[in-house]
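Undergrad: The structure follows.
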Amino acid sequence: MTNPAAAAAETHAEESAREYLAFTLGREEYGIDILRVQEIRGYESVTRIANTPEFIKGVMNLRGTIVPVVDMRIKFRLGEAVYDQFTVVIVLNIGGRVMGMVVDSVSDVTTLVPSQIHVAPEVGTALDHQYLIGLGTLGERMLILVDIDKLMNSTDMGLIEGMAA
Amino acid sequence: MTIDMSQFYQVFFDEADELLAEKERLLLVLDVSAPDPEELNAIFRTAHSIKGGAATFGFSDITDVTHILETLLDRIRKGEMALTGEHVDAFLAAKDVLDMLMAGHRHGSSVDRDAAVAVCQRLQALADGSAAAPAAVADTVAPASVPDADAEPVADTDDNFRFRVELPQVPERDVEALATELALLGSVSRETLPDQRTVFNLVTTEGRDNIVAICAFVLDPDALKITAANPAGTSADIAAPTAVAASVEPPPVVAPPAPATAEPAAEATPATGENRNWGRRATDREPVNAESSSIRVGVEKVDQLINLVGELVITQAMIDQRIGALDPIAHERLLNSASQLARNTRDLQEAVMSIRMMPMDYVFSRFPRMVRDLAGKLGKKVEFVTRGAATELDKGLIERIVDPLNHLVRNSVDHGIEMPEKRRAAGKGEAGTLTLSAAHQGGNIVIEVSDDGGGLNREKILAKARQQDIPVSDTMSDAEVWQLVMAPGFSTAEVVTDVSGRGVGMDVVKRNIGAMGGNVEIRSVPGSGTTISISLPLTLAILDGMSVKVGDEVYILPLGYVVESLQPAPVDVKEIAGQGKLVKVREEYLPLIPLYQIFDIEPAFADPSQGILVILESEGKKAALLVDSLVGQQQVVVKNLESNFRKVAGISGATILGDGGVSLILDVSALLRSSRQLSSDPVFF
């Protein structure tokens, strides 16, 4: 028999455990909430949109839906922006809006409980502090957890009406 | 009346339901201490739209409540009054009452008139400030709120009401005038009382309000005594079928409780039970079961179908491309099957698209009644003409055109067409003509509301604009002045009437039409009338496009804007220092828009005489677009770029090509509009 308090704590921990999709940009490993990820697919022909920032690669056809694609490697100057058969696009669905995000590679899905997530330091990451949830530790690995909703809806990304100049 | 309005009741109810739900939602999220002006405006518009719809169908009880609601909201919206929690409570109560009234009209359920009156008084009290004089309340809501003493009369077998209108002492001339006016409402008989006063006995389908409204032109409505006349014999006629009609506006005193009367009636007419939801009139006059000939399907389902068919068309095009490379003799049977598939796909696409197309008649036939009622109310004579009612338009657009047209028609009757005396003085016939027309013009449908009234008054508009701090000058062209009418909050009407004149009309019209991808144009000649012309794309889903290539990129030009394409001789291209280039096409100089420059593309040909010029025309302006080559002409399925991305300057949408790639559709109007700026400022985006 386990004591009730411990059992309760365990359930609580399980409840608040969340799954994150881990991907790499340059030498850093990032994580985003798996529930925001619709699918992962290869990079294929993207139509350029004139007069947009360089990191907005353009739009692609995702089974009949026109989806904008951003390249995180260009946006955050991480890694090299090469496009080949290994280039990966993470298709996100944020508040009903579908968008694609090019990253270096996708590694796995990991489960983190709140105790594994630490407050991110003010400095030292390519992403602005306000877009981070924290740092997730998993043995030797460290995931930079990104608040993808906030990031994609931000003025910085220029994906949303009105905010972009 | 020959037009059967019942088919539109359901639409009104559905719309009103949505509006009420929206209003409730907005009210609930509203921050009382710091209300967002946009939200207040939105709430105001819901009330306004419901009022407009209710007035169209003659649901005067709903109109009365919304009118007061609107007045109050208007004052809050304009900052004349601070919003308090009390207001929000009253608004929510009004919403519930409207729900109830709506249900009354819709299902014939019982209506608590006292609640409606109470809400009207509550709103009015708020509008008048905290210490409202009860007298003022009674004045404003008079038509609806005096029901108990002399309730709405019981309808006779033909849906007619009998009224006894007792006039005060008035000159014979006025009595004659009134007799003529009232005769428009129904049959009138006249008798004279011993004290020389006149009494009209009126049999009409109209409500008490309209009688009061007409008499108000001649005499003080308070001095008027209108009673529901029930001559011997009529009461006996009130049998089962009419009980249904009565239950809609249940007279609290005269009739027994509504549900009780409605039930036996439902049994009496077999089809009533199934058709109830389609609005009351449907149960009375259309015993045919509407369910058997049509199905109500959610718009999302149809849209999904259209999307899927669009995909199918693309896939089919891909197959065509692949098998084009095969040896026709060895694969004859495959090729035959493929061409059959192509035919079937095209047919399927056409069939699916036609689901969304509806004749304009659906909208137009709402108006004769409204125009007639309005004209009667205002004492004007209006002849209503419709043209091109068979013109088809996308259902999505047709539903959204109703409100704007409603406003425009009201405006025309209220402000456009003059009173009969004035018309006679101006040498015109007493009856004004209001024309509603629809026609296809290129890739657009053009809907026009025109009247032969007084036309817009340039001076009055300019004066009003100055008063509202809108920058104007006397040298503005007429067209520019007319556009001012569509500025937010602008209204030249001197009095706020039940009909129009709150200034929400035209800006909402313009915004709604703009949101549909259309334009509003006003033409007006003083003394001979005003025409408001709305031009809309036929459908939002499919477009005839011309694909053009610049560098490695393919863009789609909507074919409707393309006049011709040509390759100019080098001598025809003139450069104006610092002003860009002009090209001479048949003695006409057109500005040249180099697409490669706008979209920052490495072109195959920068020299216009080597590339191709596509001459485009929009809103009367022409320009020549320089591209590398023409690729072809095809129907494309328009996809919205903004559903997942933001608006991009110069691009109106996107489409998927046969190879599965995405191609952008150019926004020709925007390109032409900016062609002038382009000459002075090359990086204009």
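Letters A, B, ... go to the chains of the structure tokens in the order shown; residues in each chain start at 1; ligands are counted from 1 in the same order.
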Please, which residues of chain B lie no more than 8 Å from chain A when the count uses only C-alpha atoms, and can they be set out as a list in words?

TA: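 Residues of chain B within 8 Å of chain A, counting only C-alpha atoms: Asn307, Glu311, Phe599, Asp600, Lys639, Asn640, Leu641, Glu642, Ser643, Asn644, Phe645, Arg646, Lys647, Ala654, Ile656, Gly660, Gly661, Val662, Ser663 and Phe685 of chain B.
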
Undergrad: So which residues touch stretch 28-42 of chain A within 8 Å, counting only C-alpha atoms, skipping near sequence neighbours fewer than 2 positions away, as a list in words?

TA: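 So the residues in contact are Arg18, Glu19, Tyr20, Leu21, Ala22, Phe23, Thr24, Leu25, Gly26, Glu44, Gln85, Phe86, Thr87, Val88, Val89, Ile90, Val91, Leu92, Asn93, Ile94, Val109, Met142, Leu143, Ile144, Leu145, Val146, Asp147 and Ile148 of chain A.
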
Undergrad: How would the residues just picked look written out with N, CA, C and O atoms as a CSV table (one decimal), in the first residue's frame?

TA:
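Contents of the output file again13.csv:
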chain,number,residue,atom,x,y,z
A,18,ARG,N,3.7,17.0,-19.6
A,18,ARG,CA,3.3,17.3,-20.9
A,18,ARG,C,4.3,16.8,-21.9
A,18,ARG,O,5.5,16.6,-21.6
A,19,GLU,N,3.8,16.6,-23.1
A,19,GLU,CA,4.7,16.0,-24.1
A,19,GLU,C,5.2,17.2,-25.0
A,19,GLU,O,4.5,18.0,-25.4
A,20,TYR,N,6.5,17.1,-25.3
A,20,TYR,CA,7.1,18.1,-26.1
A,20,TYR,C,7.8,17.5,-27.3
A,20,TYR,O,8.4,16.4,-27.2
A,21,LEU,N,7.7,18.1,-28.5
A,21,LEU,CA,8.4,17.6,-29.7
A,21,LEU,C,9.7,18.3,-29.7
A,21,LEU,O,9.8,19.6,-29.6
A,22,ALA,N,10.8,17.5,-29.7
A,22,ALA,CA,12.1,18.1,-29.7
A,22,ALA,C,12.7,18.2,-31.1
A,22,ALA,O,12.5,17.3,-31.9
A,23,PHE,N,13.3,19.4,-31.4
A,23,PHE,CA,13.9,19.6,-32.7
A,23,PHE,C,15.2,20.4,-32.5
A,23,PHE,O,15.4,21.0,-31.5
A,24,THR,N,16.1,20.3,-33.5
A,24,THR,CA,17.3,21.1,-33.4
A,24,THR,C,17.4,22.2,-34.4
A,24,THR,O,16.8,22.2,-35.5
A,25,LEU,N,18.0,23.2,-33.9
A,25,LEU,CA,18.3,24.4,-34.7
A,25,LEU,C,19.8,24.7,-34.4
A,25,LEU,O,20.1,25.0,-33.3
A,26,GLY,N,20.7,24.5,-35.4
A,26,GLY,CA,22.1,24.7,-35.1
A,26,GLY,C,22.5,23.6,-34.1
A,26,GLY,O,22.2,22.4,-34.3
A,44,GLU,N,9.0,20.9,-49.6
A,44,GLU,CA,8.8,20.8,-51.1
A,44,GLU,C,8.5,22.2,-51.6
A,44,GLU,O,8.4,23.1,-50.8
A,85,GLN,N,16.6,16.8,-49.4
A,85,GLN,CA,15.6,15.9,-49.0
A,85,GLN,C,15.5,15.6,-47.5
A,85,GLN,O,14.5,15.0,-47.1
A,86,PHE,N,16.4,16.1,-46.8
A,86,PHE,CA,16.4,15.9,-45.3
A,86,PHE,C,15.8,17.1,-44.6
A,86,PHE,O,15.5,17.0,-43.4
A,87,THR,N,15.5,18.2,-45.3
A,87,THR,CA,14.9,19.3,-44.6
A,87,THR,C,13.5,19.0,-44.2
A,87,THR,O,12.7,18.4,-44.9
A,88,VAL,N,13.3,19.4,-42.9
A,88,VAL,CA,12.0,19.1,-42.3
A,88,VAL,C,11.1,20.3,-42.1
A,88,VAL,O,11.6,21.4,-41.7
A,89,VAL,N,9.8,20.2,-42.3
A,89,VAL,CA,8.9,21.3,-42.0
A,89,VAL,C,7.9,20.7,-40.9
A,89,VAL,O,7.3,19.7,-41.1
A,90,ILE,N,7.9,21.4,-39.8
A,90,ILE,CA,6.9,21.1,-38.8
A,90,ILE,C,5.7,21.9,-39.0
A,90,ILE,O,5.7,23.2,-39.1
A,91,VAL,N,4.5,21.2,-39.3
A,91,VAL,CA,3.3,22.0,-39.6
A,91,VAL,C,2.6,22.2,-38.2
A,91,VAL,O,2.2,21.2,-37.5
A,92,LEU,N,2.4,23.4,-37.9
A,92,LEU,CA,1.7,23.8,-36.6
A,92,LEU,C,0.3,24.2,-36.9
A,92,LEU,O,0.0,24.7,-37.9
A,93,ASN,N,-0.5,23.9,-35.9
A,93,ASN,CA,-1.9,24.5,-35.9
A,93,ASN,C,-2.1,25.3,-34.7
A,93,ASN,O,-2.3,24.7,-33.6
A,94,ILE,N,-2.1,26.6,-34.8
A,94,ILE,CA,-2.2,27.4,-33.6
A,94,ILE,C,-3.4,28.2,-33.7
A,94,ILE,O,-3.6,29.1,-34.6
A,109,VAL,N,9.8,12.8,-29.3
A,109,VAL,CA,8.8,13.4,-28.4
A,109,VAL,C,9.2,13.0,-27.0
A,109,VAL,O,9.4,11.8,-26.7
A,142,MET,N,19.3,19.0,-22.7
A,142,MET,CA,18.6,20.2,-22.3
A,142,MET,C,17.8,20.7,-23.4
A,142,MET,O,18.3,21.0,-24.5
A,143,LEU,N,16.5,20.8,-23.2
A,143,LEU,CA,15.6,21.3,-24.2
A,143,LEU,C,15.2,22.8,-23.9
A,143,LEU,O,14.9,23.1,-22.7
A,144,ILE,N,15.3,23.6,-24.9
A,144,ILE,CA,14.8,25.0,-24.7
A,144,ILE,C,13.4,25.0,-25.1
A,144,ILE,O,13.0,24.7,-26.2
A,145,LEU,N,12.5,25.2,-24.1
A,145,LEU,CA,11.1,25.0,-24.4
A,145,LEU,C,10.5,26.4,-24.8
A,145,LEU,O,10.6,27.4,-24.1
A,146,VAL,N,9.9,26.3,-26.0
A,146,VAL,CA,9.4,27.6,-26.7
A,146,VAL,C,7.9,27.7,-26.5
A,146,VAL,O,7.2,26.7,-26.7
A,147,ASP,N,7.5,28.9,-26.1
A,147,ASP,CA,6.0,29.2,-26.1
A,147,ASP,C,5.6,29.5,-27.6
A,147,ASP,O,5.7,30.6,-28.0
A,148,ILE,N,5.3,28.4,-28.3
A,148,ILE,CA,5.1,28.6,-29.8
A,148,ILE,C,3.9,29.4,-30.1
A,148,ILE,O,4.0,30.1,-31.1

Undergrad: For stretch 522-536 of chain B, please output as a PyMOL selection string all residues within 6 Å (counting only C-alpha atoms; exclusion window: fewer than 2 positions along the same chain).

TA: chain B and resi 444-455+518-520

Undergrad: Can those selected residues be exported to a file as a PDB file, in the first residue's frame so that it contains N, CA and C atoms?

TA:
ATOM      1  N   ASN B 444     -18.330  40.299 -63.163  1.00  0.00           N
ATOM      2  CA  ASN B 444     -18.998  40.860 -61.993  1.00  0.00           C
ATOM      3  C   ASN B 444     -20.500  40.836 -62.140  1.00  0.00           C
ATOM      4  N   ILE B 445     -21.153  40.989 -61.004  1.00  0.00           N
ATOM      5  CA  ILE B 445     -22.574  41.240 -61.045  1.00  0.00           C
ATOM      6  C   ILE B 445     -22.742  42.669 -60.544  1.00  0.00           C
ATOM      7  N   VAL B 446     -23.566  43.440 -61.242  1.00  0.00           N
ATOM      8  CA  VAL B 446     -23.778  44.820 -60.842  1.00  0.00           C
ATOM      9  C   VAL B 446     -25.214  44.964 -60.369  1.00  0.00           C
ATOM     10  N   ILE B 447     -25.362  45.386 -59.132  1.00  0.00           N
ATOM     11  CA  ILE B 447     -26.691  45.557 -58.554  1.00  0.00           C
ATOM     12  C   ILE B 447     -26.895  47.040 -58.336  1.00  0.00           C
ATOM     13  N   GLU B 448     -28.004  47.556 -58.859  1.00  0.00           N
ATOM     14  CA  GLU B 448     -28.223  48.994 -58.738  1.00  0.00           C
ATOM     15  C   GLU B 448     -29.544  49.312 -58.051  1.00  0.00           C
ATOM     16  N   VAL B 449     -29.483  50.292 -57.166  1.00  0.00           N
ATOM     17  CA  VAL B 449     -30.692  50.818 -56.545  1.00  0.00           C
ATOM     18  C   VAL B 449     -30.819  52.233 -57.061  1.00  0.00           C
ATOM     19  N   SER B 450     -31.831  52.511 -57.893  1.00  0.00           N
ATOM     20  CA  SER B 450     -31.920  53.888 -58.376  1.00  0.00           C
ATOM     21  C   SER B 450     -33.308  54.459 -58.147  1.00  0.00           C
ATOM     22  N   ASP B 451     -33.335  55.750 -57.849  1.00  0.00           N
ATOM     23  CA  ASP B 451     -34.614  56.425 -57.671  1.00  0.00           C
ATOM     24  C   ASP B 451     -34.628  57.662 -58.557  1.00  0.00           C
ATOM     25  N   ASP B 452     -35.808  58.168 -58.851  1.00  0.00           N
ATOM     26  CA  ASP B 452     -35.885  59.379 -59.667  1.00  0.00           C
ATOM     27  C   ASP B 452     -36.263  60.560 -58.772  1.00  0.00           C
ATOM     28  N   GLY B 453     -35.655  60.579 -57.596  1.00  0.00           N
ATOM     29  CA  GLY B 453     -35.991  61.616 -56.622  1.00  0.00           C
ATOM     30  C   GLY B 453     -35.148  62.859 -56.769  1.00  0.00           C
ATOM     31  N   GLY B 454     -34.906  63.496 -55.651  1.00  0.00           N
ATOM     32  CA  GLY B 454     -34.262  64.807 -55.679  1.00  0.00           C
ATOM     33  C   GLY B 454     -32.766  64.789 -55.905  1.00  0.00           C
ATOM     34  N   GLY B 455     -32.141  63.642 -55.772  1.00  0.00           N
ATOM     35  CA  GLY B 455     -30.694  63.595 -55.929  1.00  0.00           C
ATOM     36  C   GLY B 455     -30.000  64.074 -54.669  1.00  0.00           C
ATOM     37  N   GLY B 518     -16.236  43.840 -53.320  1.00  0.00           N
ATOM     38  CA  GLY B 518     -16.965  44.664 -54.284  1.00  0.00           C
ATOM     39  C   GLY B 518     -16.721  46.149 -54.097  1.00  0.00           C
ATOM     40  N   ASN B 519     -17.356  46.931 -54.949  1.00  0.00           N
ATOM     41  CA  ASN B 519     -17.235  48.389 -54.897  1.00  0.00           C
ATOM     42  C   ASN B 519     -18.618  49.015 -54.843  1.00  0.00           C
ATOM     43  N   VAL B 520     -18.712  50.175 -54.213  1.00  0.00           N
ATOM     44  CA  VAL B 520     -19.959  50.930 -54.230  1.00  0.00           C
ATOM     45  C   VAL B 520     -19.695  52.236 -54.963  1.00  0.00           C
TER      46      VAL B 520
END

Undergrad: If you run DSSP over the backbone, which residues in stretch 431-633 of chain B end up strand (DSSP E)? Put them as an MDAnalysis selection string.

TA: chainID B and resid 432:441 444:451 519:525 529:537 542:550 553:558 562:566 573:576 580:585 588:594 612:618 621:627 629:633

Undergrad: Can you tell me which residues surround stretch 472-480 of chain B at a distance of at most 12 Å, considering only C-alpha atoms, apart from same-chain residues fewer than 2 positions away, and format the answer as an MDAnalysis selection string?

TA: chainID B and resid 455:470 482:487 520:526 532

Undergrad: Filtering to N, CA, C and O atoms, could you give me those residues as a short mmCIF file (atom, residue, chain, number, x, y, z; two decimals), in the first residue's frame?

TA:
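See out03.cif below for the written result:
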data_model
loop_
_atom_site.label_atom_id
_atom_site.label_comp_id
_atom_site.auth_asym_id
_atom_site.auth_seq_id
_atom_site.Cartn_x
_atom_site.Cartn_y
_atom_site.Cartn_z
N GLY B 455 -32.14 63.64 -55.77
CA GLY B 455 -30.69 63.60 -55.93
C GLY B 455 -30.00 64.07 -54.67
O GLY B 455 -30.63 64.58 -53.74
N LEU B 456 -28.70 63.89 -54.62
CA LEU B 456 -27.95 64.30 -53.44
C LEU B 456 -27.69 65.81 -53.48
O LEU B 456 -27.54 66.39 -54.55
N ASN B 457 -27.63 66.38 -52.32
CA ASN B 457 -27.40 67.81 -52.24
C ASN B 457 -25.95 68.07 -51.88
O ASN B 457 -25.52 67.88 -50.74
N ARG B 458 -25.20 68.53 -52.87
CA ARG B 458 -23.76 68.71 -52.72
C ARG B 458 -23.42 69.65 -51.56
O ARG B 458 -22.60 69.34 -50.71
N GLU B 459 -24.15 70.78 -51.51
CA GLU B 459 -23.85 71.79 -50.48
C GLU B 459 -24.09 71.25 -49.08
O GLU B 459 -23.29 71.44 -48.17
N LYS B 460 -25.21 70.53 -48.96
CA LYS B 460 -25.59 70.00 -47.65
C LYS B 460 -24.56 68.98 -47.17
O LYS B 460 -24.19 68.95 -46.00
N ILE B 461 -24.10 68.16 -48.09
CA ILE B 461 -23.12 67.14 -47.72
C ILE B 461 -21.82 67.79 -47.28
O ILE B 461 -21.23 67.44 -46.26
N LEU B 462 -21.39 68.80 -48.04
CA LEU B 462 -20.14 69.48 -47.71
C LEU B 462 -20.26 70.15 -46.34
O LEU B 462 -19.36 70.06 -45.51
N ALA B 463 -21.41 70.81 -46.11
CA ALA B 463 -21.60 71.51 -44.84
C ALA B 463 -21.55 70.52 -43.69
O ALA B 463 -20.89 70.74 -42.67
N LYS B 464 -22.24 69.41 -43.88
CA LYS B 464 -22.30 68.40 -42.83
C LYS B 464 -20.91 67.81 -42.57
O LYS B 464 -20.53 67.57 -41.43
N ALA B 465 -20.16 67.62 -43.64
CA ALA B 465 -18.82 67.07 -43.50
C ALA B 465 -17.94 68.01 -42.69
O ALA B 465 -17.20 67.59 -41.82
N ARG B 466 -18.06 69.30 -42.97
CA ARG B 466 -17.26 70.29 -42.23
C ARG B 466 -17.63 70.25 -40.76
O ARG B 466 -16.78 70.27 -39.89
N GLN B 467 -18.93 70.14 -40.53
CA GLN B 467 -19.43 70.09 -39.17
C GLN B 467 -18.84 68.90 -38.42
O GLN B 467 -18.65 68.93 -37.22
N GLN B 468 -18.58 67.83 -39.15
CA GLN B 468 -18.06 66.62 -38.51
C GLN B 468 -16.55 66.50 -38.65
O GLN B 468 -15.99 65.42 -38.49
N ASP B 469 -15.93 67.61 -39.00
CA ASP B 469 -14.47 67.65 -39.09
C ASP B 469 -13.89 66.68 -40.11
O ASP B 469 -12.81 66.14 -39.92
N ILE B 470 -14.63 66.44 -41.16
CA ILE B 470 -14.07 65.65 -42.25
C ILE B 470 -13.44 66.65 -43.22
O ILE B 470 -14.09 67.62 -43.59
N TRP B 482 -19.85 62.57 -53.21
CA TRP B 482 -20.81 61.49 -52.93
C TRP B 482 -20.17 60.44 -52.03
O TRP B 482 -20.83 59.83 -51.21
N GLN B 483 -18.87 60.23 -52.21
CA GLN B 483 -18.19 59.22 -51.38
C GLN B 483 -18.25 59.60 -49.90
O GLN B 483 -18.21 58.73 -49.04
N LEU B 484 -18.33 60.90 -49.60
CA LEU B 484 -18.39 61.34 -48.21
C LEU B 484 -19.58 60.75 -47.47
O LEU B 484 -19.54 60.53 -46.27
N VAL B 485 -20.65 60.52 -48.24
CA VAL B 485 -21.86 59.98 -47.62
C VAL B 485 -21.56 58.65 -46.94
O VAL B 485 -22.22 58.25 -46.00
N MET B 486 -20.51 58.01 -47.43
CA MET B 486 -20.21 56.68 -46.89
C MET B 486 -19.16 56.74 -45.77
O MET B 486 -18.68 55.71 -45.35
N ALA B 487 -18.84 57.95 -45.31
CA ALA B 487 -17.91 58.05 -44.19
C ALA B 487 -18.64 57.61 -42.92
O ALA B 487 -19.84 57.81 -42.79
N VAL B 520 -18.71 50.17 -54.21
CA VAL B 520 -19.96 50.93 -54.23
C VAL B 520 -19.70 52.24 -54.96
O VAL B 520 -18.70 52.90 -54.70
N GLU B 521 -20.59 52.57 -55.88
CA GLU B 521 -20.42 53.79 -56.63
C GLU B 521 -21.74 54.56 -56.57
O GLU B 521 -22.80 53.95 -56.66
N ILE B 522 -21.64 55.86 -56.41
CA ILE B 522 -22.88 56.66 -56.36
C ILE B 522 -22.90 57.60 -57.55
O ILE B 522 -21.91 58.27 -57.83
N ARG B 523 -24.00 57.61 -58.25
CA ARG B 523 -24.19 58.60 -59.31
C ARG B 523 -25.44 59.38 -58.95
O ARG B 523 -26.44 58.79 -58.54
N SER B 524 -25.35 60.69 -59.06
CA SER B 524 -26.51 61.47 -58.67
C SER B 524 -26.60 62.73 -59.51
O SER B 524 -25.59 63.38 -59.77
N VAL B 525 -27.80 63.06 -59.94
CA VAL B 525 -28.02 64.31 -60.66
C VAL B 525 -29.09 65.06 -59.89
O VAL B 525 -30.19 64.53 -59.68
N PRO B 526 -28.78 66.29 -59.44
CA PRO B 526 -29.77 67.03 -58.67
C PRO B 526 -31.08 67.14 -59.45
O PRO B 526 -31.07 67.46 -60.63
N ILE B 532 -27.29 54.10 -56.85
CA ILE B 532 -26.18 53.51 -56.11
C ILE B 532 -25.91 52.17 -56.73
O ILE B 532 -26.80 51.33 -56.86
#

Undergrad: Quick one, how far is atom CA of B:Glu575 from atom CA of B:Ile665?

TA: 28.5 Å

Undergrad: For a test of reading the model, state the distance in Å between atom CA of B:Pro404 and atom CA of B:Ala670, rounded to one decimal.

TA: 23.9 Å

Undergrad: Could you give me, as a list of chain:residue names, each residue of stretch 29-162 of chain A that DSSP assigns to helix (DSSP H, G or I) when run on this structure's backbone?

TA: A:Ile34, A:Leu35, A:Arg36, A:Met72, A:Arg73, A:Ile74, A:Lys75, A:Pro114, A:Ser115, A:Gln116, A:His129, A:Gln130, A:Tyr131, A:Ile148, A:Asp149, A:Lys150, A:Leu151, A:Met152

Undergrad: So that I have them on file, write out the residues from the current selection with C-alpha atoms, as a compact mmCIF listing (two decimals), in the first residue's frame.

TA:
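Below you can see selection26.txt, which holds the result:
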# COMPACT_ATOMS: atom_id res chain seq x y z
CA ILE A 34 3.18 18.47 -29.13
CA LEU A 35 -0.49 19.47 -29.16
CA ARG A 36 0.33 22.38 -31.43
CA MET A 72 13.56 29.32 -38.18
CA ARG A 73 17.18 28.89 -39.16
CA ILE A 74 17.14 32.17 -41.04
CA LYS A 75 14.95 33.92 -38.50
CA PRO A 114 7.05 20.55 -14.09
CA SER A 115 9.91 19.57 -11.78
CA GLN A 116 12.11 19.01 -14.83
CA HIS A 129 13.34 35.53 -23.29
CA GLN A 130 9.65 36.32 -23.49
CA TYR A 131 9.01 33.45 -25.92
CA ILE A 148 5.14 28.56 -29.77
CA ASP A 149 1.72 30.26 -29.56
CA LYS A 150 3.26 33.46 -28.38
CA LEU A 151 6.14 33.30 -30.83
CA MET A 152 4.01 32.66 -33.91

Undergrad: Excluding B:Leu559 and any residue of its chain fewer than 4 positions from it, enumerate the residues within 8 Å of it, using only C-alpha atoms, and give them as a ChimeraX atom specification.

TA: /B:443,543-546

Undergrad: Atoms to include: N, CA, C and O atoms. Write the selected residues as a PDB file, in the first residue's frame.

TA:
ATOM      1  N   GLY B 443     -16.866  39.778 -65.340  1.00  0.00           N
ATOM      2  CA  GLY B 443     -16.819  38.788 -64.261  1.00  0.00           C
ATOM      3  C   GLY B 443     -17.566  39.249 -63.028  1.00  0.00           C
ATOM      4  O   GLY B 443     -17.437  38.657 -61.972  1.00  0.00           O
ATOM      5  N   LEU B 543     -12.414  31.485 -60.409  1.00  0.00           N
ATOM      6  CA  LEU B 543     -12.045  32.684 -61.140  1.00  0.00           C
ATOM      7  C   LEU B 543     -11.462  32.256 -62.476  1.00  0.00           C
ATOM      8  O   LEU B 543     -10.725  31.274 -62.563  1.00  0.00           O
ATOM      9  N   ASP B 544     -11.809  33.010 -63.529  1.00  0.00           N
ATOM     10  CA  ASP B 544     -11.172  32.788 -64.813  1.00  0.00           C
ATOM     11  C   ASP B 544      -9.859  33.532 -64.780  1.00  0.00           C
ATOM     12  O   ASP B 544      -9.845  34.746 -64.609  1.00  0.00           O
ATOM     13  N   GLY B 545      -8.781  32.815 -64.927  1.00  0.00           N
ATOM     14  CA  GLY B 545      -7.489  33.471 -64.764  1.00  0.00           C
ATOM     15  C   GLY B 545      -6.606  33.325 -65.983  1.00  0.00           C
ATOM     16  O   GLY B 545      -6.763  32.433 -66.807  1.00  0.00           O
ATOM     17  N   MET B 546      -5.690  34.267 -66.123  1.00  0.00           N
ATOM     18  CA  MET B 546      -4.686  34.188 -67.164  1.00  0.00           C
ATOM     19  C   MET B 546      -3.363  34.063 -66.436  1.00  0.00           C
ATOM     20  O   MET B 546      -3.049  34.885 -65.563  1.00  0.00           O
TER      21      MET B 546
END

Undergrad: Closest to B:Val117 among B:Asp61, B:Glu617, B:Glu602, B:Asp31, using only C-alpha atoms?

TA: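 Using only C-alpha atoms, B:Val117 sits closest to B:Asp61.
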
Undergrad: Please build the interface table for stretch 5-29 of chain B against stretch 74-93 of chain B with a cut-off of 9 Å, listing for each qualifying residue the nearest atom pair and the distance in Å to one decimal; count only C-alpha atoms, order rows by chain and increasing number, and write it as a Markdown table.

TA:
| residue | atom | partner | partner_atom | distance |
| --- | --- | --- | --- | --- |
| B:Lys23 | CA | B:Leu92 | CA | 8.7 |
| B:Glu24 | CA | B:Leu92 | CA | 6.7 |
| B:Leu27 | CA | B:Val88 | CA | 6.6 |
| B:Leu28 | CA | B:Val88 | CA | 8.3 |

Undergrad: For the residues in that selection, give me all heavy atoms as a tab-separated table (two decimals), in the first residue's frame.

TA:
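After the write, out_19.tsv holds the following:
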chain	number	residue	atom	x	y	z
B	23	LYS	N	-25.09	39.39	-29.95
B	23	LYS	CA	-25.27	40.53	-29.06
B	23	LYS	C	-25.07	40.11	-27.61
B	23	LYS	O	-24.38	40.80	-26.85
B	23	LYS	CB	-26.69	41.07	-29.26
B	23	LYS	CG	-26.96	42.30	-28.46
B	23	LYS	CD	-28.36	42.80	-28.71
B	23	LYS	CE	-28.82	43.45	-27.45
B	23	LYS	NZ	-30.22	43.53	-27.26
B	24	GLU	N	-25.62	38.97	-27.26
B	24	GLU	CA	-25.49	38.50	-25.90
B	24	GLU	C	-24.02	38.25	-25.58
B	24	GLU	O	-23.51	38.66	-24.54
B	24	GLU	CB	-26.29	37.22	-25.70
B	24	GLU	CG	-26.32	36.75	-24.27
B	24	GLU	CD	-27.33	35.63	-24.09
B	24	GLU	OE1	-27.28	34.65	-24.85
B	24	GLU	OE2	-28.16	35.74	-23.20
B	27	LEU	N	-22.27	41.50	-25.12
B	27	LEU	CA	-22.66	42.16	-23.87
B	27	LEU	C	-21.95	41.52	-22.70
B	27	LEU	O	-21.52	42.18	-21.76
B	27	LEU	CB	-24.17	42.05	-23.67
B	27	LEU	CG	-25.01	43.05	-24.45
B	27	LEU	CD1	-26.48	42.71	-24.33
B	27	LEU	CD2	-24.76	44.46	-23.96
B	28	LEU	N	-21.81	40.21	-22.77
B	28	LEU	CA	-21.24	39.49	-21.65
B	28	LEU	C	-19.75	39.75	-21.51
B	28	LEU	O	-19.21	39.71	-20.41
B	28	LEU	CB	-21.54	38.00	-21.75
B	28	LEU	CG	-23.03	37.67	-21.61
B	28	LEU	CD1	-23.29	36.21	-21.86
B	28	LEU	CD2	-23.55	38.09	-20.25
